[in-house]
$ cat start11.txt   # compact mmCIF, C-alpha atoms and all ligand atoms
# COMPACT_ATOMS: atom_id res chain seq x y z
CA MET A 1 -13.34 6.90 -25.64
CA GLY A 2 -13.79 3.19 -26.26
CA HIS A 3 -12.32 3.04 -29.77
CA THR A 4 -11.00 -0.25 -31.01
CA ASN A 5 -8.14 1.56 -32.72
CA LEU A 6 -6.69 4.76 -31.31
CA HIS A 7 -4.11 5.25 -34.01
CA VAL A 8 -4.97 8.10 -36.43
CA ARG A 9 -4.61 6.53 -39.89
CA LYS A 10 -7.11 8.45 -42.00
CA ALA A 11 -7.78 12.04 -42.95
CA VAL A 12 -10.80 13.73 -44.48
CA ILE A 13 -10.23 16.62 -46.88
CA PRO A 14 -13.51 18.40 -47.65
CA ALA A 15 -13.17 19.91 -51.11
CA ALA A 16 -16.75 20.01 -52.38
CA GLY A 17 -17.40 23.73 -51.93
CA LEU A 18 -18.24 25.96 -54.87
CA GLY A 19 -15.27 28.31 -54.44
CA THR A 20 -17.40 31.39 -55.12
CA ARG A 21 -14.76 33.75 -53.72
CA PHE A 22 -12.47 32.71 -56.56
CA LEU A 23 -14.82 33.11 -59.52
CA PRO A 24 -14.32 33.20 -62.45
CA ALA A 25 -11.22 31.00 -61.90
CA THR A 26 -13.36 28.28 -60.29
CA LYS A 27 -15.98 28.10 -63.03
CA ALA A 28 -14.37 25.03 -64.65
CA ILE A 29 -11.40 24.20 -62.38
CA PRO A 30 -11.66 23.17 -58.73
CA LYS A 31 -10.40 25.88 -56.36
CA GLU A 32 -8.17 23.26 -54.74
CA MET A 33 -6.23 22.82 -58.02
CA ILE A 34 -5.19 26.48 -58.17
CA PRO A 35 -1.43 26.43 -57.58
CA ILE A 36 0.61 28.20 -54.92
CA VAL A 37 3.63 28.86 -57.18
CA ASP A 38 3.57 25.52 -59.09
CA VAL A 39 2.03 23.14 -56.54
CA PRO A 40 -1.79 22.86 -56.38
CA MET A 41 -3.20 23.96 -53.02
CA ILE A 42 -4.59 20.50 -52.34
CA GLN A 43 -1.17 18.90 -52.84
CA HIS A 44 0.21 21.04 -50.00
CA ILE A 45 -2.67 19.77 -47.84
CA VAL A 46 -2.23 16.11 -48.80
CA GLU A 47 1.53 16.41 -48.14
CA GLU A 48 0.80 17.73 -44.63
CA ALA A 49 -1.38 14.66 -43.96
CA VAL A 50 1.23 12.28 -45.42
CA ARG A 51 4.04 13.91 -43.39
CA SER A 52 1.83 13.39 -40.33
CA GLY A 53 1.86 9.60 -40.94
CA ILE A 54 -1.48 9.33 -42.78
CA ARG A 55 -1.78 7.33 -46.03
CA ASP A 56 -5.56 7.01 -46.47
CA ILE A 57 -7.08 10.29 -47.59
CA VAL A 58 -10.85 10.59 -47.87
CA LEU A 59 -11.56 13.36 -50.35
CA ILE A 60 -15.03 14.87 -50.23
CA THR A 61 -15.59 16.00 -53.74
CA ALA A 62 -18.31 17.20 -56.12
CA ARG A 63 -19.24 17.40 -59.78
CA ASN A 64 -16.59 18.97 -62.05
CA LYS A 65 -13.79 18.24 -59.58
CA SER A 66 -12.29 15.08 -61.11
CA ALA A 67 -9.01 16.94 -61.83
CA ILE A 68 -8.17 16.43 -58.14
CA GLU A 69 -8.43 12.64 -58.44
CA ASP A 70 -6.39 12.67 -61.66
CA HIS A 71 -3.67 14.70 -59.94
CA PHE A 72 -3.12 11.96 -57.33
CA ASP A 73 -3.09 9.16 -59.94
CA PHE A 74 -0.31 8.26 -62.37
CA ASN A 75 -0.33 9.98 -65.77
CA TYR A 76 1.21 7.22 -67.88
CA GLU A 77 1.41 9.19 -71.14
CA LEU A 78 3.08 12.20 -69.52
CA GLU A 79 5.47 10.13 -67.38
CA ASP A 80 6.47 7.85 -70.26
CA THR A 81 7.09 10.84 -72.56
CA LEU A 82 9.21 12.57 -69.90
CA ASP A 83 11.18 9.35 -69.31
CA ARG A 84 11.86 8.97 -73.04
CA LYS A 85 12.98 12.60 -73.29
CA ASN A 86 15.37 11.91 -70.41
CA LYS A 87 13.53 14.29 -68.09
CA LYS A 88 13.70 11.74 -65.29
CA ASP A 89 13.40 14.31 -62.50
CA LEU A 90 10.12 15.67 -63.82
CA ALA A 91 8.80 12.14 -64.46
CA GLU A 92 9.69 11.23 -60.87
CA ILE A 93 7.90 14.30 -59.48
CA SER A 94 4.74 13.24 -61.31
CA LYS A 95 5.02 9.58 -60.26
CA SER A 96 5.73 10.40 -56.62
CA ILE A 97 2.45 12.37 -56.38
CA GLY A 98 0.65 9.27 -57.70
CA ARG A 99 2.34 7.07 -55.09
CA CYS A 100 2.01 9.32 -52.03
CA CYS A 101 -1.41 8.25 -50.74
CA ASN A 102 -4.52 6.14 -51.20
CA LEU A 103 -7.21 8.54 -52.29
CA ILE A 104 -10.73 7.46 -51.44
CA SER A 105 -13.18 9.84 -52.98
CA ILE A 106 -16.78 10.39 -51.96
CA ARG A 107 -19.23 12.73 -53.62
CA GLN A 108 -21.12 15.31 -51.61
CA LYS A 109 -24.03 15.63 -54.00
CA ASN A 110 -25.27 18.97 -52.63
CA PRO A 111 -23.07 21.56 -50.91
CA LEU A 112 -24.98 21.45 -47.61
CA GLY A 113 -22.11 22.69 -45.48
CA LEU A 114 -18.84 21.58 -43.94
CA GLY A 115 -20.57 19.44 -41.27
CA HIS A 116 -22.51 17.62 -43.98
CA ALA A 117 -19.30 17.15 -46.02
CA VAL A 118 -17.62 15.51 -42.99
CA LEU A 119 -20.67 13.28 -42.45
CA CYS A 120 -20.32 12.04 -46.05
CA ALA A 121 -16.96 10.51 -45.00
CA GLU A 122 -18.50 8.18 -42.39
CA PRO A 123 -18.63 5.02 -44.58
CA ALA A 124 -14.89 5.39 -45.32
CA ILE A 125 -13.82 6.26 -41.76
CA GLY A 126 -15.92 3.83 -39.72
CA ASN A 127 -15.18 3.68 -36.00
CA GLU A 128 -11.69 5.22 -35.99
CA PRO A 129 -10.41 8.60 -34.93
CA PHE A 130 -9.48 10.73 -37.94
CA ALA A 131 -8.01 14.06 -38.99
CA ILE A 132 -9.78 16.78 -40.97
CA LEU A 133 -7.81 19.25 -43.09
CA LEU A 134 -9.60 22.00 -44.97
CA GLY A 135 -8.57 22.24 -48.60
CA ASP A 136 -7.82 25.95 -48.65
CA ASP A 137 -6.06 26.57 -45.33
CA LEU A 138 -2.30 26.25 -45.65
CA ILE A 139 -0.25 25.92 -42.49
CA ASP A 140 3.49 26.33 -42.78
CA SER A 141 5.30 24.72 -39.86
CA LYS A 142 8.34 22.58 -39.07
CA ILE A 143 6.23 19.83 -37.47
CA PRO A 144 3.08 19.46 -39.63
CA CYS A 145 0.07 20.97 -37.85
CA THR A 146 -1.88 17.70 -38.18
CA LYS A 147 1.01 15.80 -36.56
CA GLN A 148 0.99 18.27 -33.66
CA LEU A 149 -2.74 17.55 -33.16
CA ILE A 150 -2.29 13.77 -33.48
CA ASP A 151 0.36 13.90 -30.73
CA ILE A 152 -2.10 15.72 -28.44
CA PHE A 153 -4.91 13.29 -29.36
CA GLU A 154 -2.76 10.26 -28.55
CA LYS A 155 -1.43 11.71 -25.28
CA GLU A 156 -4.72 13.10 -23.97
CA GLN A 157 -7.11 10.53 -25.54
CA ALA A 158 -9.45 13.34 -26.54
CA SER A 159 -10.62 15.07 -29.70
CA VAL A 160 -8.66 18.22 -30.49
CA VAL A 161 -9.07 21.24 -32.76
CA GLY A 162 -6.16 23.39 -33.89
CA VAL A 163 -6.54 27.06 -32.93
CA MET A 164 -4.69 30.33 -33.48
CA GLU A 165 -5.03 33.71 -31.81
CA VAL A 166 -6.66 36.36 -34.02
CA PRO A 167 -7.23 40.11 -33.46
CA ALA A 168 -10.62 40.93 -31.84
CA LYS A 169 -11.93 42.51 -35.06
CA GLU A 170 -11.42 39.21 -36.92
CA VAL A 171 -13.28 36.80 -34.60
CA SER A 172 -16.42 37.19 -36.71
CA LYS A 173 -14.68 35.35 -39.59
CA TYR A 174 -14.11 32.09 -37.67
CA GLY A 175 -15.42 29.41 -35.33
CA ILE A 176 -14.22 30.50 -31.87
CA VAL A 177 -13.61 28.32 -28.80
CA GLY A 178 -14.24 29.13 -25.13
CA GLY A 179 -13.23 27.18 -22.02
CA LYS A 180 -10.49 26.65 -19.43
CA MET A 181 -6.81 26.96 -20.28
CA LEU A 182 -5.02 23.78 -19.07
CA ASN A 183 -1.63 25.22 -20.01
CA PRO A 184 -0.60 28.23 -22.13
CA LYS A 185 -1.29 26.35 -25.39
CA LEU A 186 -4.04 23.88 -24.46
CA MET A 187 -7.69 24.61 -23.67
CA HIS A 188 -10.46 22.34 -22.39
CA VAL A 189 -13.26 23.50 -24.69
CA GLU A 190 -16.64 24.21 -23.10
CA ASN A 191 -18.32 26.03 -25.94
CA LEU A 192 -17.85 26.95 -29.57
CA VAL A 193 -19.45 29.81 -31.47
CA GLU A 194 -19.53 30.22 -35.23
CA LYS A 195 -18.57 33.74 -36.38
CA PRO A 196 -19.40 35.67 -33.17
CA ALA A 197 -19.53 39.45 -32.91
CA PRO A 198 -16.38 40.66 -31.04
CA GLU A 199 -18.42 41.63 -27.94
CA ASN A 200 -19.94 38.11 -27.69
CA SER A 201 -16.81 36.13 -28.46
CA PRO A 202 -15.73 33.67 -25.75
CA SER A 203 -12.03 34.17 -26.66
CA ARG A 204 -9.78 35.18 -29.55
CA LEU A 205 -8.83 31.58 -30.33
CA ALA A 206 -10.03 30.73 -33.83
CA ILE A 207 -10.30 27.38 -35.63
CA PRO A 208 -8.70 27.73 -39.07
CA GLY A 209 -9.32 24.21 -40.39
CA ARG A 210 -7.39 21.43 -38.65
CA TYR A 211 -9.04 18.81 -36.41
CA VAL A 212 -8.39 15.32 -35.00
CA LEU A 213 -11.70 13.86 -33.87
CA SER A 214 -13.32 10.84 -32.31
CA PRO A 215 -15.70 9.07 -34.75
CA HIS A 216 -18.52 9.96 -32.33
CA ILE A 217 -18.63 13.28 -34.20
CA PHE A 218 -20.70 11.50 -36.88
CA GLU A 219 -23.51 10.83 -34.38
CA TYR A 220 -23.42 14.45 -33.23
CA LEU A 221 -23.52 15.72 -36.81
CA LYS A 222 -26.59 13.56 -37.47
CA HIS A 223 -28.31 15.42 -34.63
CA THR A 224 -27.18 18.84 -35.83
CA HIS A 225 -29.87 21.00 -37.40
CA PRO A 226 -29.05 23.16 -40.40
CA GLY A 227 -27.85 26.58 -39.22
CA LYS A 228 -26.73 29.66 -41.15
CA GLY A 229 -27.68 29.44 -44.85
CA GLY A 230 -29.37 26.02 -44.42
CA GLU A 231 -25.94 24.42 -43.99
CA ILE A 232 -24.94 21.82 -41.41
CA GLN A 233 -22.07 23.44 -39.51
CA LEU A 234 -19.16 21.37 -38.19
CA THR A 235 -18.94 23.86 -35.29
CA ASP A 236 -22.47 22.89 -34.16
CA GLY A 237 -21.54 19.19 -34.21
CA LEU A 238 -18.40 19.98 -32.19
CA GLN A 239 -20.52 21.92 -29.70
CA LEU A 240 -22.61 18.76 -29.07
CA LEU A 241 -19.40 16.69 -28.79
CA ALA A 242 -17.93 19.15 -26.26
CA LYS A 243 -21.02 18.71 -24.06
CA LYS A 244 -20.72 14.91 -23.96
CA GLU A 245 -16.98 14.21 -24.09
CA LYS A 246 -13.63 15.90 -23.74
CA LEU A 247 -12.74 18.35 -26.51
CA LEU A 248 -9.40 20.17 -26.49
CA ALA A 249 -8.13 23.15 -28.45
CA TYR A 250 -4.39 23.34 -29.13
CA GLN A 251 -2.60 26.50 -30.20
CA PHE A 252 -0.40 24.98 -32.90
CA ASP A 253 3.02 26.22 -34.00
CA GLY A 254 3.00 27.50 -37.56
CA ILE A 255 1.91 30.25 -39.92
CA ARG A 256 -1.51 29.90 -41.47
CA TYR A 257 -2.55 31.25 -44.88
CA ASP A 258 -6.20 31.46 -45.93
CA ALA A 259 -5.54 30.55 -49.54
CA GLY A 260 -9.29 30.49 -50.31
CA ASP A 261 -9.33 34.28 -49.97
CA ARG A 262 -7.71 36.41 -52.68
CA LEU A 263 -5.36 38.38 -50.41
CA GLY A 264 -4.51 35.27 -48.37
CA PHE A 265 -3.73 33.51 -51.64
CA ILE A 266 -1.37 36.29 -52.75
CA ASP A 267 0.26 36.27 -49.28
CA ALA A 268 0.82 32.50 -49.51
CA THR A 269 2.15 32.77 -53.07
CA ILE A 270 4.75 35.38 -52.08
CA ALA A 271 5.79 33.48 -48.92
CA TYR A 272 6.12 30.10 -50.67
CA ALA A 273 7.95 31.64 -53.66
CA LEU A 274 10.47 33.37 -51.38
CA ARG A 275 11.27 29.99 -49.83
CA ARG A 276 12.24 28.47 -53.18
CA PRO A 277 16.00 28.93 -53.67
CA GLU A 278 15.69 29.12 -57.48
CA LEU A 279 13.01 31.84 -57.28
CA ALA A 280 13.75 33.89 -54.16
CA SER A 281 16.07 36.53 -55.61
CA GLY A 282 13.95 36.94 -58.77
CA VAL A 283 10.80 37.42 -56.67
CA LYS A 284 12.53 40.03 -54.47
CA GLU A 285 13.52 41.96 -57.62
CA LEU A 286 9.95 41.83 -58.92
CA LEU A 287 8.54 43.07 -55.62
CA LYS A 288 11.01 45.97 -55.59
CA LYS A 289 10.08 46.83 -59.18
CA HIS A 290 6.34 46.88 -58.42
CA LEU A 291 6.80 48.88 -55.24
CA GLY A 292 9.05 51.33 -57.08
CA SER A 293 11.95 51.12 -54.61
P1 LIG B 1 -15.49 27.52 -47.72
O1 LIG B 1 -16.80 28.17 -47.58
O2 LIG B 1 -14.25 28.22 -47.31
O3 LIG B 1 -15.22 27.09 -49.23
O4 LIG B 1 -15.56 26.09 -47.03
P2 LIG B 1 -16.04 27.22 -50.54
O5 LIG B 1 -17.50 26.98 -50.31
O6 LIG B 1 -15.39 26.32 -51.55
O7 LIG B 1 -15.67 28.67 -51.00
P3 LIG B 1 -16.46 30.03 -51.09
O8 LIG B 1 -16.74 30.46 -49.68
O9 LIG B 1 -17.69 29.74 -51.91
O10 LIG B 1 -15.50 30.91 -51.83
C1 LIG B 1 -14.46 25.52 -46.32
C2 LIG B 1 -14.11 24.14 -46.85
O11 LIG B 1 -15.22 23.26 -46.76
C3 LIG B 1 -15.50 22.65 -47.99
C4 LIG B 1 -14.90 23.58 -49.04
O12 LIG B 1 -14.56 22.87 -50.20
C5 LIG B 1 -13.70 24.17 -48.32
O13 LIG B 1 -12.56 23.34 -48.43
N1 LIG B 1 -16.97 22.50 -48.13
C6 LIG B 1 -17.78 23.54 -47.82
C7 LIG B 1 -17.49 21.30 -48.57
O14 LIG B 1 -16.74 20.34 -48.86
N2 LIG B 1 -18.84 21.18 -48.69
C8 LIG B 1 -19.69 22.18 -48.38
O15 LIG B 1 -20.92 22.00 -48.50
C9 LIG B 1 -19.14 23.40 -47.92

$ encode --input "start11.txt" --output "structure tokens"
Amino acid sequence: MGHTNLHVRKAVIPAAGLGTRFLPATKAIPKEMIPIVDVPMIQHIVEEAVRSGIRDIVLITARNKSAIEDHFDFNYELEDTLDRKNKKDLAEISKSIGRCCNLISIRQKNPLGLGHAVLCAEPAIGNEPFAILLGDDLIDSKIPCTKQLIDIFEKEQASVVGVMEVPAKEVSKYGIVGGKMLNPKLMHVENLVEKPAPENSPSRLAIPGRYVLSPHIFEYLKHTHPGKGGEIQLTDGLQLLAKKEKLLAYQFDGIRYDAGDRLGFIDATIAYALRRPELASGVKELLKKHLGS
């Protein structure tokens, strides 16, 4: 692909959306700061990037979202007070979030779509391949999903999108890929369709929100016309990329939660709470109580 640096060192996290599905909660707080148990959604996402070997995180943000930047900074007053009260563990939790990454934030001044949000990251990414992680898709896996995609990118020297199989009736909720299967988990993508009707869908492989892309995507996005709702769609930019260079789709290992949707959020909350040793038995009791069994 002719990049000077093929190592994936940076990730873009688009978090400038309005979060309308979560109103009124998102009126004054960013959707990404809503916690799954006690960890804000966006921290789960940043941790996936960090565990995948990425330190530089480009956050695409918007007005009224500065709580996200504060979360990844130190909070001297809080940490000093906790230290003095001998709550070293809590102080360390707070400090370690401040240390975990370099956050580079860029404003998307108008919410003109996911493709436009990614294009806003160009000055911070330059001519390097990079990962994209959507702020409200949680993927629970042993090897972080982004790391799985980076491994494919480095081996195959091609852009790659993470995909998962969905039931036919759900294809209309996602970007769907079509193409040739190279092995049971890897597809050479020939076309992408945003939210197709089941009868027109090229496959049942959906893109939930993980990508590792060549920086050429910026050029393709500049040539992408606004689509549905006047927004620049990332899927349309990827469609142009797939015509000119190799694009792969990899069926990643892991369970995905759409935490930007109310039921998906509740699903993620229950799953993540049951994994916490100090909460699991209490949560099981509560579920039994509510289900009356
Ligand atoms: P969504 O459409 O799921 O998120 O976009 P949203 O707009 O925040 O939420 P709803 O649909 O109104 O409830 C997917 C991701 O793309 C980002 C969002 O922040 C989200 O992480 N996004 C979307 C942007 O950064 N900018 C945009 O213009 C649109």

$ closest_residue --input "start11.txt" --among "A:Ala15, A:Pro24, A:Asp83, A:Phe74" --to "Ile57 in chain A" --atoms "only C-alpha atoms"
A:Ala15

$ axis_aligned_box --input "start11.txt" --around "ligand LIG 1 (chain B)" --padding-each-side "3 Å" --output "JSON"
{"center_x": -16.7, "center_y": 25.6, "center_z": -49.1, "size_x": 14.4, "size_y": 16.6, "size_z": 11.6}

$ residues_near_ligand --input "start11.txt" --ligand "ligand LIG 1 (chain B)" --cutoff "7 Å" --atoms "all atoms listed in the file" --output "number ranges by chain"
A: 14-22, 31, 60-61, 108, 110-114, 116-117, 134-136, 260

$ write_last_selection --input "start11.txt" --atoms "C-alpha atoms" --output "mmCIF file, in the frame of the given file"
data_model
loop_
_atom_site.group_PDB
_atom_site.id
_atom_site.type_symbol
_atom_site.label_atom_id
_atom_site.label_comp_id
_atom_site.auth_asym_id
_atom_site.auth_seq_id
_atom_site.Cartn_x
_atom_site.Cartn_y
_atom_site.Cartn_z
ATOM 1 C CA PRO A 14 -13.510 18.400 -47.650
ATOM 2 C CA ALA A 15 -13.170 19.910 -51.110
ATOM 3 C CA ALA A 16 -16.750 20.010 -52.380
ATOM 4 C CA GLY A 17 -17.400 23.730 -51.930
ATOM 5 C CA LEU A 18 -18.240 25.960 -54.870
ATOM 6 C CA GLY A 19 -15.270 28.310 -54.440
ATOM 7 C CA THR A 20 -17.400 31.390 -55.120
ATOM 8 C CA ARG A 21 -14.760 33.750 -53.720
ATOM 9 C CA PHE A 22 -12.470 32.710 -56.560
ATOM 10 C CA LYS A 31 -10.400 25.880 -56.360
ATOM 11 C CA ILE A 60 -15.030 14.870 -50.230
ATOM 12 C CA THR A 61 -15.590 16.000 -53.740
ATOM 13 C CA GLN A 108 -21.120 15.310 -51.610
ATOM 14 C CA ASN A 110 -25.270 18.970 -52.630
ATOM 15 C CA PRO A 111 -23.070 21.560 -50.910
ATOM 16 C CA LEU A 112 -24.980 21.450 -47.610
ATOM 17 C CA GLY A 113 -22.110 22.690 -45.480
ATOM 18 C CA LEU A 114 -18.840 21.580 -43.940
ATOM 19 C CA HIS A 116 -22.510 17.620 -43.980
ATOM 20 C CA ALA A 117 -19.300 17.150 -46.020
ATOM 21 C CA LEU A 134 -9.600 22.000 -44.970
ATOM 22 C CA GLY A 135 -8.570 22.240 -48.600
ATOM 23 C CA ASP A 136 -7.820 25.950 -48.650
ATOM 24 C CA GLY A 260 -9.290 30.490 -50.310
#

$ residues_near_point --input "start11.txt" --point "(3.7, 17.4, -45.0)" --cutoff "10 Å" --atoms "only C-alpha atoms" --output "list in words"
Gln43, His44, Ile45, Val46, Glu47, Glu48, Ala49, Val50, Arg51, Ser52, Gly53, Ile54, Ile139, Asp140, Ser141, Lys142, Ile143, Pro144, Cys145, Thr146 and Lys147 of chain A

$ closest_residue --input "start11.txt" --among "A:Lys222, A:Ile232, A:Asp137, A:Met181" --to "Gly264 in chain A" --atoms "all atoms listed in the file"
A:Asp137

$ residues_around --input "start11.txt" --residues "range 86-102 of chain A" --least-positions-apart "4" --cutoff "7 Å" --atoms "only C-alpha atoms" --output "list in words"
Arg55, Asp56, Ile57, Phe72, Asp73, Phe74, Glu79 and Leu82 of chain A

$ atom_distance --input "start11.txt" --atom1 "CA of His216 in chain A" --atom2 "CA of Lys10 in chain A"
15.0 Å

$ atom_distance --input "start11.txt" --atom1 "CA of Ala242 in chain A" --atom2 "CA of Leu182 in chain A"
15.5 Å

$ residues_near_point --input "start11.txt" --point "(-25.4, 15.4, -35.6)" --cutoff "10 Å" --atoms "only C-alpha atoms" --output "list in words"
Gly115, His116, Leu119, His216, Ile217, Phe218, Glu219, Tyr220, Leu221, Lys222, His223, Thr224, His225, Pro226, Ile232, Gln233, Leu234, Asp236, Gly237, Leu238, Leu240 and Leu241 of chain A

$ closest_residue --input "start11.txt" --among "A:Ile152, A:Met41, A:Val58, A:Val163" --to "Gly126 in chain A" --atoms "only C-alpha atoms"
A:Val58

$ atom_distance --input "start11.txt" --atom1 "CA of Ala11 in chain A" --atom2 "CA of Ile42 in chain A"
13.0 Å

$ decode --input "start11.txt" --residues "range 44-73 of chain A" --atoms "N, CA and C atoms" --output "PDB file, in the first residue's frame"
ATOM      1  N   HIS A  44     -14.156   1.377  28.466  1.00  0.00           N
ATOM      2  CA  HIS A  44     -14.040   0.017  27.932  1.00  0.00           C
ATOM      3  C   HIS A  44     -13.411   0.058  26.528  1.00  0.00           C
ATOM      4  N   ILE A  45     -13.828   1.050  25.725  1.00  0.00           N
ATOM      5  CA  ILE A  45     -13.360   1.147  24.341  1.00  0.00           C
ATOM      6  C   ILE A  45     -11.872   1.525  24.310  1.00  0.00           C
ATOM      7  N   VAL A  46     -11.510   2.534  25.127  1.00  0.00           N
ATOM      8  CA  VAL A  46     -10.107   2.963  25.177  1.00  0.00           C
ATOM      9  C   VAL A  46      -9.234   1.798  25.662  1.00  0.00           C
ATOM     10  N   GLU A  47      -9.730   1.034  26.658  1.00  0.00           N
ATOM     11  CA  GLU A  47      -8.939  -0.093  27.171  1.00  0.00           C
ATOM     12  C   GLU A  47      -8.726  -1.143  26.080  1.00  0.00           C
ATOM     13  N   GLU A  48      -9.742  -1.354  25.226  1.00  0.00           N
ATOM     14  CA  GLU A  48      -9.548  -2.310  24.116  1.00  0.00           C
ATOM     15  C   GLU A  48      -8.411  -1.825  23.203  1.00  0.00           C
ATOM     16  N   ALA A  49      -8.401  -0.526  22.896  1.00  0.00           N
ATOM     17  CA  ALA A  49      -7.340   0.020  22.032  1.00  0.00           C
ATOM     18  C   ALA A  49      -5.981  -0.128  22.707  1.00  0.00           C
ATOM     19  N   VAL A  50      -5.907   0.210  23.996  1.00  0.00           N
ATOM     20  CA  VAL A  50      -4.634   0.149  24.723  1.00  0.00           C
ATOM     21  C   VAL A  50      -4.136  -1.301  24.795  1.00  0.00           C
ATOM     22  N   ARG A  51      -5.064  -2.240  25.064  1.00  0.00           N
ATOM     23  CA  ARG A  51      -4.669  -3.660  25.130  1.00  0.00           C
ATOM     24  C   ARG A  51      -4.260  -4.186  23.755  1.00  0.00           C
ATOM     25  N   SER A  52      -4.613  -3.442  22.698  1.00  0.00           N
ATOM     26  CA  SER A  52      -4.220  -3.841  21.345  1.00  0.00           C
ATOM     27  C   SER A  52      -2.890  -3.200  20.946  1.00  0.00           C
ATOM     28  N   GLY A  53      -2.236  -2.486  21.896  1.00  0.00           N
ATOM     29  CA  GLY A  53      -0.913  -1.915  21.634  1.00  0.00           C
ATOM     30  C   GLY A  53      -0.952  -0.471  21.160  1.00  0.00           C
ATOM     31  N   ILE A  54      -2.112   0.187  21.285  1.00  0.00           N
ATOM     32  CA  ILE A  54      -2.254   1.571  20.811  1.00  0.00           C
ATOM     33  C   ILE A  54      -2.205   2.525  21.994  1.00  0.00           C
ATOM     34  N   ARG A  55      -1.419   3.611  21.865  1.00  0.00           N
ATOM     35  CA  ARG A  55      -1.323   4.604  22.954  1.00  0.00           C
ATOM     36  C   ARG A  55      -1.949   5.940  22.551  1.00  0.00           C
ATOM     37  N   ASP A  56      -1.914   6.246  21.247  1.00  0.00           N
ATOM     38  CA  ASP A  56      -2.426   7.539  20.785  1.00  0.00           C
ATOM     39  C   ASP A  56      -3.869   7.381  20.326  1.00  0.00           C
ATOM     40  N   ILE A  57      -4.769   8.011  21.068  1.00  0.00           N
ATOM     41  CA  ILE A  57      -6.196   7.886  20.782  1.00  0.00           C
ATOM     42  C   ILE A  57      -6.714   9.232  20.289  1.00  0.00           C
ATOM     43  N   VAL A  58      -7.254   9.237  19.085  1.00  0.00           N
ATOM     44  CA  VAL A  58      -7.828  10.466  18.534  1.00  0.00           C
ATOM     45  C   VAL A  58      -9.332  10.423  18.797  1.00  0.00           C
ATOM     46  N   LEU A  59      -9.767  11.276  19.691  1.00  0.00           N
ATOM     47  CA  LEU A  59     -11.179  11.311  20.067  1.00  0.00           C
ATOM     48  C   LEU A  59     -11.878  12.375  19.241  1.00  0.00           C
ATOM     49  N   ILE A  60     -12.913  11.957  18.514  1.00  0.00           N
ATOM     50  CA  ILE A  60     -13.706  12.942  17.774  1.00  0.00           C
ATOM     51  C   ILE A  60     -14.863  13.325  18.682  1.00  0.00           C
ATOM     52  N   THR A  61     -14.858  14.592  19.058  1.00  0.00           N
ATOM     53  CA  THR A  61     -15.777  15.008  20.093  1.00  0.00           C
ATOM     54  C   THR A  61     -16.611  16.209  19.641  1.00  0.00           C
ATOM     55  N   ALA A  62     -17.455  16.713  20.517  1.00  0.00           N
ATOM     56  CA  ALA A  62     -18.366  17.794  20.153  1.00  0.00           C
ATOM     57  C   ALA A  62     -18.632  18.657  21.375  1.00  0.00           C
ATOM     58  N   ARG A  63     -19.385  19.709  21.172  1.00  0.00           N
ATOM     59  CA  ARG A  63     -19.737  20.586  22.299  1.00  0.00           C
ATOM     60  C   ARG A  63     -20.384  19.774  23.426  1.00  0.00           C
ATOM     61  N   ASN A  64     -20.200  20.195  24.650  1.00  0.00           N
ATOM     62  CA  ASN A  64     -20.800  19.554  25.829  1.00  0.00           C
ATOM     63  C   ASN A  64     -20.277  18.147  26.092  1.00  0.00           C
ATOM     64  N   LYS A  65     -19.104  17.816  25.569  1.00  0.00           N
ATOM     65  CA  LYS A  65     -18.588  16.456  25.782  1.00  0.00           C
ATOM     66  C   LYS A  65     -17.251  16.468  26.516  1.00  0.00           C
ATOM     67  N   SER A  66     -16.916  17.612  27.178  1.00  0.00           N
ATOM     68  CA  SER A  66     -15.571  17.700  27.758  1.00  0.00           C
ATOM     69  C   SER A  66     -15.379  16.738  28.934  1.00  0.00           C
ATOM     70  N   ALA A  67     -16.465  16.154  29.463  1.00  0.00           N
ATOM     71  CA  ALA A  67     -16.307  15.176  30.551  1.00  0.00           C
ATOM     72  C   ALA A  67     -15.451  13.996  30.088  1.00  0.00           C
ATOM     73  N   ILE A  68     -15.483  13.689  28.788  1.00  0.00           N
ATOM     74  CA  ILE A  68     -14.677  12.554  28.297  1.00  0.00           C
ATOM     75  C   ILE A  68     -13.192  12.882  28.448  1.00  0.00           C
ATOM     76  N   GLU A  69     -12.804  14.101  28.050  1.00  0.00           N
ATOM     77  CA  GLU A  69     -11.392  14.494  28.169  1.00  0.00           C
ATOM     78  C   GLU A  69     -10.965  14.524  29.640  1.00  0.00           C
ATOM     79  N   ASP A  70     -11.835  15.035  30.500  1.00  0.00           N
ATOM     80  CA  ASP A  70     -11.496  15.087  31.932  1.00  0.00           C
ATOM     81  C   ASP A  70     -11.293  13.679  32.497  1.00  0.00           C
ATOM     82  N   HIS A  71     -12.082  12.723  32.008  1.00  0.00           N
ATOM     83  CA  HIS A  71     -11.997  11.364  32.532  1.00  0.00           C
ATOM     84  C   HIS A  71     -10.614  10.748  32.273  1.00  0.00           C
ATOM     85  N   PHE A  72      -9.999  11.104  31.133  1.00  0.00           N
ATOM     86  CA  PHE A  72      -8.691  10.519  30.796  1.00  0.00           C
ATOM     87  C   PHE A  72      -7.527  11.423  31.207  1.00  0.00           C
ATOM     88  N   ASP A  73      -7.801  12.400  32.073  1.00  0.00           N
ATOM     89  CA  ASP A  73      -6.768  13.271  32.634  1.00  0.00           C
ATOM     90  C   ASP A  73      -6.589  12.850  34.107  1.00  0.00           C
TER      91      ASP A  73
END
